[in-house]
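Data from entry11.cif: mmCIF, C-alpha atoms and all ligand atoms
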```cif
data_start
#
loop_
_atom_site.label_atom_id
_atom_site.label_comp_id
_atom_site.auth_asym_id
_atom_site.auth_seq_id
_atom_site.Cartn_x
_atom_site.Cartn_y
_atom_site.Cartn_z
CA MET O 6 87.83 98.84 95.84
CA THR O 7 90.09 98.75 98.84
CA ALA O 8 89.40 95.74 101.01
CA ILE O 9 89.79 97.66 104.25
CA GLU O 10 86.90 100.00 104.74
CA GLY O 11 88.24 103.29 105.98
CA LYS O 12 86.92 106.77 105.92
CA GLN O 13 86.78 108.47 102.56
CA LEU O 14 88.09 112.00 102.51
CA LYS O 15 87.13 114.72 100.08
CA LEU O 16 89.99 116.38 98.25
CA SER O 17 88.88 119.67 99.82
CA GLU O 18 89.35 118.12 103.30
CA ILE O 19 92.74 116.70 102.33
CA LYS O 20 93.79 120.09 100.98
CA GLU O 21 92.88 121.71 104.28
CA LEU O 22 94.50 119.02 106.47
CA LEU O 23 97.76 119.30 104.56
CA HIS O 24 97.71 123.10 104.16
CA ALA O 25 98.14 122.31 100.49
CA LYS O 26 98.36 124.56 97.49
CA ILE O 27 96.42 123.43 94.44
CA PHE O 28 97.95 123.48 90.95
CA ALA O 29 95.38 121.52 88.93
CA GLY O 30 91.89 120.13 89.44
CA GLU O 31 90.18 123.07 91.15
CA ASP O 32 86.89 121.73 89.79
CA LYS O 33 87.41 118.32 91.42
CA LEU O 34 87.69 119.29 95.10
CA ASP O 35 84.39 117.54 95.79
CA ILE O 36 85.55 114.08 94.75
CA THR O 37 86.59 111.64 97.49
CA ALA O 38 89.77 109.62 97.91
CA LYS O 39 89.04 106.09 99.13
CA ALA O 40 92.51 105.46 100.56
CA GLY O 41 96.04 106.81 100.51
CA THR O 42 99.41 105.62 99.27
CA ALA O 43 102.90 107.10 99.41
CA SER O 44 105.86 106.24 97.22
CA ASP O 45 109.00 107.53 95.54
CA LEU O 46 109.16 104.55 93.17
CA MET O 47 107.13 104.60 89.97
CA SER O 48 106.70 100.82 89.86
CA ASP O 49 105.37 100.81 93.43
CA MET O 50 102.72 103.33 92.40
CA LEU O 51 101.49 100.74 89.92
CA THR O 52 101.19 97.85 92.36
CA GLY O 53 98.31 97.49 94.76
CA LYS O 54 94.84 98.93 94.40
CA THR O 55 95.74 102.52 93.70
CA GLY O 56 92.62 103.37 91.67
CA GLY O 57 90.84 106.34 93.26
CA VAL O 58 93.38 106.81 96.06
CA VAL O 59 95.44 109.87 96.89
CA LEU O 60 99.14 109.52 96.05
CA LEU O 61 101.81 111.27 98.12
CA THR O 62 105.28 111.51 96.66
CA GLY O 63 108.63 113.18 97.14
CA LEU O 64 109.35 112.93 93.42
CA CYS O 65 108.71 116.03 91.34
CA ASN O 66 108.91 115.31 87.61
CA VAL O 67 106.50 114.95 84.71
CA GLN O 68 106.73 111.16 84.87
CA VAL O 69 104.99 111.24 88.26
CA ILE O 70 101.98 112.77 86.51
CA ARG O 71 101.98 110.11 83.76
CA THR O 72 102.45 107.29 86.28
CA ALA O 73 99.59 108.71 88.36
CA VAL O 74 97.34 108.81 85.29
CA ILE O 75 98.13 105.16 84.53
CA ALA O 76 97.58 104.24 88.20
CA ASP O 77 94.24 106.11 87.97
CA VAL O 78 94.73 107.86 91.32
CA ALA O 79 92.31 110.51 92.60
CA ALA O 80 95.02 113.12 93.20
CA VAL O 81 98.77 113.65 93.50
CA ILE O 82 100.30 115.47 96.46
CA LEU O 83 103.91 116.61 96.32
CA VAL O 84 105.41 116.68 99.81
CA ARG O 85 108.00 118.98 101.43
CA GLY O 86 106.74 122.01 99.55
CA LYS O 87 107.99 120.84 96.15
CA ARG O 88 106.66 123.03 93.37
CA PRO O 89 105.51 121.34 90.17
CA THR O 90 107.05 122.47 86.88
CA GLN O 91 104.81 124.15 84.30
CA GLU O 92 105.04 120.97 82.24
CA MET O 93 103.69 118.94 85.18
CA ILE O 94 100.83 121.39 85.68
CA ASP O 95 99.98 121.31 81.96
CA GLN O 96 100.00 117.50 81.92
CA ALA O 97 97.88 117.28 85.08
CA ARG O 98 95.35 119.69 83.59
CA GLU O 99 95.29 117.84 80.28
CA HIS O 100 94.54 114.55 82.04
CA ARG O 101 92.21 116.14 84.61
CA LEU O 102 94.38 114.99 87.50
CA PRO O 103 94.21 117.10 90.68
CA LEU O 104 97.71 118.21 91.74
CA PHE O 105 98.67 119.63 95.13
CA SER O 106 101.78 120.57 97.06
CA THR O 107 102.02 120.38 100.86
CA PRO O 108 104.68 122.00 103.06
CA PHE O 109 104.67 118.92 105.34
CA THR O 110 107.11 116.01 105.13
CA MET O 111 105.99 112.64 103.81
CA PHE O 112 105.75 111.28 107.38
CA THR O 113 103.69 114.16 108.72
CA SER O 114 101.41 114.22 105.67
CA CYS O 115 100.62 110.51 105.92
CA GLY O 116 100.14 110.82 109.68
CA ARG O 117 97.68 113.67 109.34
CA LEU O 118 95.57 111.78 106.78
CA CYS O 119 95.77 108.52 108.73
CA ALA O 120 94.67 110.27 111.91
CA LYS O 121 91.52 111.39 110.07
CA GLY O 122 90.68 107.79 109.23
CA LEU O 123 92.07 107.47 105.70
CA ARG O 124 93.38 103.94 105.08
CA GLY O 125 96.34 102.54 103.17
CA VAL O 126 95.94 100.21 100.19
CA GLU O 127 96.60 97.00 102.15
CA GLU O 128 94.24 94.24 101.08
CA LYS O 129 93.93 92.79 104.57
CA PRO O 130 93.96 94.71 107.83
CA PRO O 131 97.31 94.14 109.56
CA ALA O 132 97.19 92.44 112.95
CA PRO O 133 97.18 95.22 115.53
CA ALA O 134 100.50 95.59 117.35
CA VAL O 135 99.00 97.39 120.29
CA PRO O 136 95.26 97.83 120.06
CA PRO O 137 93.64 100.07 119.16
CA TYR O 138 95.55 100.23 115.91
CA GLY O 139 95.30 103.69 114.33
CA CYS O 140 95.79 103.25 110.58
CA MET N 30 83.25 95.39 66.68
CA LYS N 31 84.49 94.58 63.21
CA PRO N 32 85.88 91.10 62.64
CA GLY N 33 89.66 91.28 62.68
CA GLY N 34 89.53 93.78 65.52
CA LEU N 35 90.86 97.29 65.98
CA LEU N 36 94.54 98.05 65.72
CA LYS N 37 96.30 100.96 67.44
CA LYS N 38 99.96 101.81 66.93
CA TYR N 39 102.33 104.24 68.64
CA SER N 40 106.02 104.75 68.12
CA ILE N 41 108.41 104.96 71.08
CA LYS N 42 111.65 106.96 71.05
CA PRO N 43 114.50 105.86 73.31
CA ARG N 44 115.71 108.44 75.91
CA ASP N 45 112.71 110.67 75.15
CA PHE N 46 111.49 111.29 78.70
CA VAL N 47 109.41 114.29 77.61
CA LYS N 48 107.00 112.06 75.69
CA ALA N 49 107.58 108.80 77.59
CA GLY N 50 104.31 107.20 78.61
CA GLU N 51 102.07 109.10 76.21
CA GLY N 52 101.30 106.05 74.08
CA SER N 53 100.19 104.10 77.14
CA ILE N 54 97.94 106.92 78.27
CA ARG N 55 96.36 107.01 74.78
CA ILE N 56 95.78 103.26 75.04
CA GLN N 57 94.19 103.72 78.47
CA LYS N 58 91.92 106.52 77.17
CA PHE N 59 90.91 104.45 74.15
CA LEU N 60 90.00 101.43 76.29
CA LYS N 61 88.00 103.65 78.66
CA PHE N 62 86.19 105.16 75.67
CA ILE N 63 85.20 101.68 74.42
CA GLY N 64 84.03 100.93 77.95
CA PHE N 65 85.95 97.85 79.03
CA ASP N 66 85.96 96.65 82.62
CA ALA N 67 88.01 98.98 84.88
CA GLY N 68 90.18 96.15 86.22
CA LEU N 69 91.05 95.00 82.71
CA ILE N 70 91.89 98.55 81.61
CA ARG N 71 94.10 98.93 84.66
CA ARG N 72 96.07 95.74 83.94
CA ILE N 73 96.58 96.62 80.27
CA SER N 74 97.57 100.24 81.03
CA ILE N 75 100.15 99.15 83.62
CA CYS N 76 101.69 96.60 81.24
CA ALA N 77 101.78 99.13 78.40
CA TYR N 78 103.40 101.77 80.59
CA GLU N 79 106.03 99.50 82.15
CA ALA N 80 106.93 98.16 78.69
CA GLU N 81 106.97 101.63 77.13
CA MET N 82 109.23 102.97 79.91
CA ASN N 83 111.57 100.02 79.43
CA VAL N 84 112.00 100.93 75.77
CA VAL N 85 112.65 104.57 76.70
CA MET N 86 115.17 103.64 79.42
CA HIS N 87 116.88 100.53 78.11
CA GLY N 88 115.84 99.99 74.51
CA GLY N 89 116.13 101.39 70.99
CA ASP N 90 113.60 102.69 68.48
CA GLY N 91 110.37 101.02 69.36
CA GLU N 92 106.73 100.52 68.59
CA MET N 93 103.72 99.64 70.65
CA SER N 94 100.64 98.08 69.12
CA MET N 95 97.36 96.93 70.53
CA LEU N 96 94.92 94.65 68.78
CA VAL N 97 91.43 94.72 70.27
CA ASP N 98 89.27 91.71 69.52
CA PRO N 99 85.94 90.88 71.11
CA LYS N 100 87.54 88.04 73.08
CA GLU N 101 91.14 89.11 73.52
CA ILE N 102 93.38 92.15 73.60
CA VAL N 103 96.93 91.65 72.37
CA LEU N 104 99.55 94.23 73.29
CA GLU N 105 102.94 94.12 71.59
CA VAL N 106 105.91 96.30 72.45
CA ALA N 107 109.06 95.88 70.38
CA ASP N 108 112.32 97.77 70.01
CA ASP N 109 115.59 97.35 68.15
CA GLY N 110 117.91 98.21 71.07
CA PRO N 111 120.58 96.13 72.84
CA GLY N 112 118.14 93.44 73.96
CA ILE N 113 118.10 91.37 77.15
CA PRO N 114 120.95 88.82 77.40
CA ASP N 115 119.39 86.85 80.29
CA ILE N 116 115.59 86.97 80.33
CA GLY N 117 115.28 84.81 83.46
CA LEU N 118 117.45 87.27 85.39
CA ALA N 119 115.57 90.31 84.03
CA LEU N 120 112.29 88.81 85.24
CA GLN N 121 113.53 88.61 88.84
CA GLU N 122 112.05 91.19 91.19
CA GLY N 123 114.58 93.91 91.91
CA TYR N 124 116.95 93.13 89.03
CA SER N 125 117.74 96.33 87.17
CA THR N 126 120.50 97.82 85.04
CA ALA N 127 118.93 101.29 85.29
CA SER N 128 121.30 104.26 85.57
CA PRO N 129 121.53 106.59 88.59
CA GLU N 130 119.64 109.20 86.51
CA HIS N 131 116.75 106.78 85.98
CA ARG N 132 116.67 105.99 89.70
CA GLU N 133 116.61 109.67 90.57
CA MET N 134 113.47 109.99 88.48
CA GLY N 135 111.86 107.13 90.41
CA PHE N 136 112.46 104.35 87.90
CA GLY N 137 114.78 101.37 88.09
CA ALA N 138 113.11 99.42 90.89
CA GLY N 139 113.47 96.26 88.81
CA MET N 140 109.75 95.65 89.15
CA GLY N 141 108.64 96.42 85.59
CA LEU N 142 108.87 93.00 83.99
CA PRO N 143 107.58 91.24 87.16
CA ASN N 144 104.65 93.73 87.18
CA ILE N 145 103.93 92.92 83.54
CA LYS N 146 104.03 89.19 84.25
CA LYS N 147 101.60 89.62 87.14
CA ASN N 148 99.13 91.74 85.18
CA ALA N 149 99.04 90.04 81.77
CA ASP N 150 97.14 86.79 81.25
CA SER N 151 100.10 85.64 79.19
CA LEU N 152 103.52 87.11 78.49
CA ASP N 153 106.00 86.12 75.81
CA ILE N 154 109.47 87.69 75.67
CA HIS N 155 111.69 87.36 72.64
CA SER N 156 115.18 88.77 73.02
CA GLY N 157 118.88 88.14 73.12
CA ASN N 158 122.13 90.07 73.11
CA GLY N 159 121.90 92.77 70.42
CA GLN N 160 118.53 91.50 69.21
CA GLY N 161 116.14 94.08 70.64
CA VAL N 162 113.17 93.06 72.76
CA HIS N 163 109.76 91.89 71.62
CA LEU N 164 107.06 91.55 74.27
CA THR N 165 103.68 89.99 73.52
CA MET N 166 101.06 90.35 76.24
CA CYS N 167 97.58 88.86 76.00
CA PHE N 168 94.50 89.80 77.98
CA GLU N 169 91.25 87.85 77.99
CA VAL N 170 88.09 89.86 77.57
CA LYS N 171 85.40 88.27 79.70
CA THR N 172 81.91 89.07 78.52
CA ARG N 173 79.60 90.12 81.29
N1 LIG O 201 113.40 97.00 76.11
C1 LIG O 201 114.50 96.62 76.80
N2 LIG O 201 115.73 96.67 76.19
C2 LIG O 201 116.85 96.29 76.86
N3 LIG O 201 116.85 95.84 78.13
C3 LIG O 201 115.66 95.77 78.78
C4 LIG O 201 114.43 96.16 78.16
N4 LIG O 201 113.43 95.94 79.03
C5 LIG O 201 114.00 95.48 80.15
N5 LIG O 201 115.34 95.35 80.02
C6 LIG O 201 116.31 94.85 81.02
O1 LIG O 201 115.60 94.16 82.04
C7 LIG O 201 115.85 94.76 83.30
C8 LIG O 201 114.65 94.63 84.19
O2 LIG O 201 113.55 95.37 83.68
P1 LIG O 201 112.42 95.89 84.68
O3 LIG O 201 111.91 94.70 85.45
O4 LIG O 201 111.42 96.66 83.91
O5 LIG O 201 113.21 96.81 85.70
P2 LIG O 201 113.78 98.31 85.53
O6 LIG O 201 113.20 98.87 84.28
O7 LIG O 201 113.32 99.00 86.75
O8 LIG O 201 115.26 98.17 85.44
C9 LIG O 201 116.25 96.17 82.98
O9 LIG O 201 117.00 96.79 84.02
C10 LIG O 201 117.07 95.99 81.71
O10 LIG O 201 118.36 95.51 82.02
MG MG O 202 111.21 98.77 83.83
#
```

Using structure tokens, write down the structure that the file contains.
Amino acid sequence: MTAIEGKQLKLSEIKELLHAKIFAGEDKLDITAKAGTASDLMSDMLTGKTGGVVLLTGLCNVQVIRTAVIADVAAVILVRGKRPTQEMIDQAREHRLPLFSTPFTMFTSCGRLCAKGLRGVEEKPPAPAVPPYGC
Amino acid sequence: MKPGGLLKKYSIKPRDFVKAGEGSIRIQKFLKFIGFDAGLIRRISICAYEAEMNVVMHGGDGEMSMLVDPKEIVLEVADDGPGIPDIGLALQEGYSTASPEHREMGFGAGMGLPNIKKNADSLDIHSGNGQGVHLTMCFEVKTR
């Protein structure tokens, strides 16, 4: 569980907000992501409470899929319109991991999800710089 | 569970990025199937994966084994590669000898061994120059 209670977003909502294309997990659009995280480092994906969260990444290789399975995330979203390889799609399907690609940059993708109330994986809410603090 | 526990074994091939991580995912699936606590499964899976990736990136021919006992799960990952000359240094956050190719893939943050240390209840590293690496990680199973 994430310590900060934010809004949970359905994968179908996330798909719409990010104008995303789906490559695996069409049957899981009804599940909810309890938070979001973004990283281009595999080890970072494995620190913090990433279980059940949506993972945004600029990496596009089969190891992202395996790392995401180990991290037990709700879905993987490739940013900047990166297209997954067939091997990535096959692996995602095999492990029942929803896989999307969004045309937006990492910054814009995170911003759009944050603006809808999705939280990060911080354990404690950061002190607001200028209230009200958005994410 | 039978006395003596259940033993699972997977071999790890160095430089084989096509298969890298499969053993750890099998371990994760097996633990989920038995029905262990989600937090415990998460810690074991992360340790297995970081250790498996280290063998693929830095090590030699390797093997991963997991012994599941009612009270304890013991995960061992060993390889016969070049070994770690300075274990204290390798355990520091950010220390990495990963190649540019590894970094391009998203590995080589130097957080693998520190991640393992954080997630295992105990960690024992046996290594030395040219001696391969043998990791032993123990996890307590708390009965609910
Ligand atoms: N199985 C291994 N064989 C040889 N060297 C290893 C092995 N595992 C780890 N190392 C050494 O320890 C360093 C730190 O490992 P780690 O913390 O996992 O970071 P990273 O894998 O990102 O480099 C590696 O860069 C490597 O030099
Ligand atoms: Mg490593």

Counting all atoms listed in the file, which of O:Gly86, O:Gly116, O:Gly56, O:Gly41 gets nearest to chain N?
->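 Ranked by minimum distance to chain N, first place goes to O:Gly56.
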
Could you give me the residues within 8 Å of ligand MG 202 (chain O), counting only C-alpha atoms and all ligand atoms, as a count of residues only?
-> 14

In terms of the shortest atom-to-atom distance over all atoms listed in the file, which of O:Glu99, O:Asp32, O:Glu128, O:Asp49 is closest to ligand LIG 201 (chain O)?
->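 Ranking O:Glu99, O:Asp32, O:Glu128, O:Asp49 by distance to ligand LIG 201 (chain O), first place goes to O:Asp49.
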
Shell of 12 Å around O:His100, all atoms listed in the file, local chain residues under 3 positions omitted, as JSON, numbers by chain = {"O": [29, 30, 70, 71, 72, 73, 74, 75, 77, 78, 79, 80, 93, 94, 95, 96, 97, 103, 104], "N": [51, 54, 55, 57, 58]}

Interatomic distance, atom C4 of ligand LIG 201 (chain O) to atom CA of N:His87 (Å, one decimal) | 5.0 Å

Output as lines of an AutoDock Vina configuration file the centre and edge lengths (Å, one decimal) of the box along x, y and z of the file that holds every listed atom of ligand LIG 201 (chain O) after adding 5 Å on each side.
```
center_x = 114.9
center_y = 96.6
center_z = 81.4
size_x = 16.9
size_y = 14.8
size_z = 20.6
```

Pull out every residue of chain O that has at least one atom within 6 Å of chain N, counting only C-alpha atoms, and report them as a VMD selection string.
-> chain O and resid 45 to 47

Would you mind reading off the distance between atom CA of N:Leu164 and atom CA of N:Leu152, one decimal, in Å?
->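 Between atom CA of N:Leu164 and atom CA of N:Leu152 the gap works out to 7.1 Å.
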
Straight-line distance linking atom CA of O:Asp35 with atom CA of O:Val84, stated in Å to one decimal =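 Taking atom CA of O:Asp35 as the start and atom CA of O:Val84 as the end point, the length is 21.4 Å.
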
Would you be able to write out as a PyMOL selection string which residues have an atom within 6 Å of (104.0, 116.1, 101.0) in the file's coordinates, counting all atoms listed in the file?
-> chain O and resi 82-85+107+109-111+114

Closest to O:Met50 among O:Leu23, O:Lys12, O:Leu64, O:Cys119, using all atoms listed in the file?
->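 Looking at the shortest contact to O:Met50, the residue is O:Leu64.
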
Please provide as a ChimeraX atom specification all residues within 7 Å of stretch 110-113 of chain N, with the sequence filter that same-chain residues fewer than 3 positions apart are discarded (counting all atoms listed in the file).
-> /N:88-90,116,156-162

Using only C-alpha atoms and all ligand atoms, the best pick from N:Val170, N:Ile41, N:Ser151, N:Ile63 as closest to ligand LIG 201 (chain O) would be N:Ile41
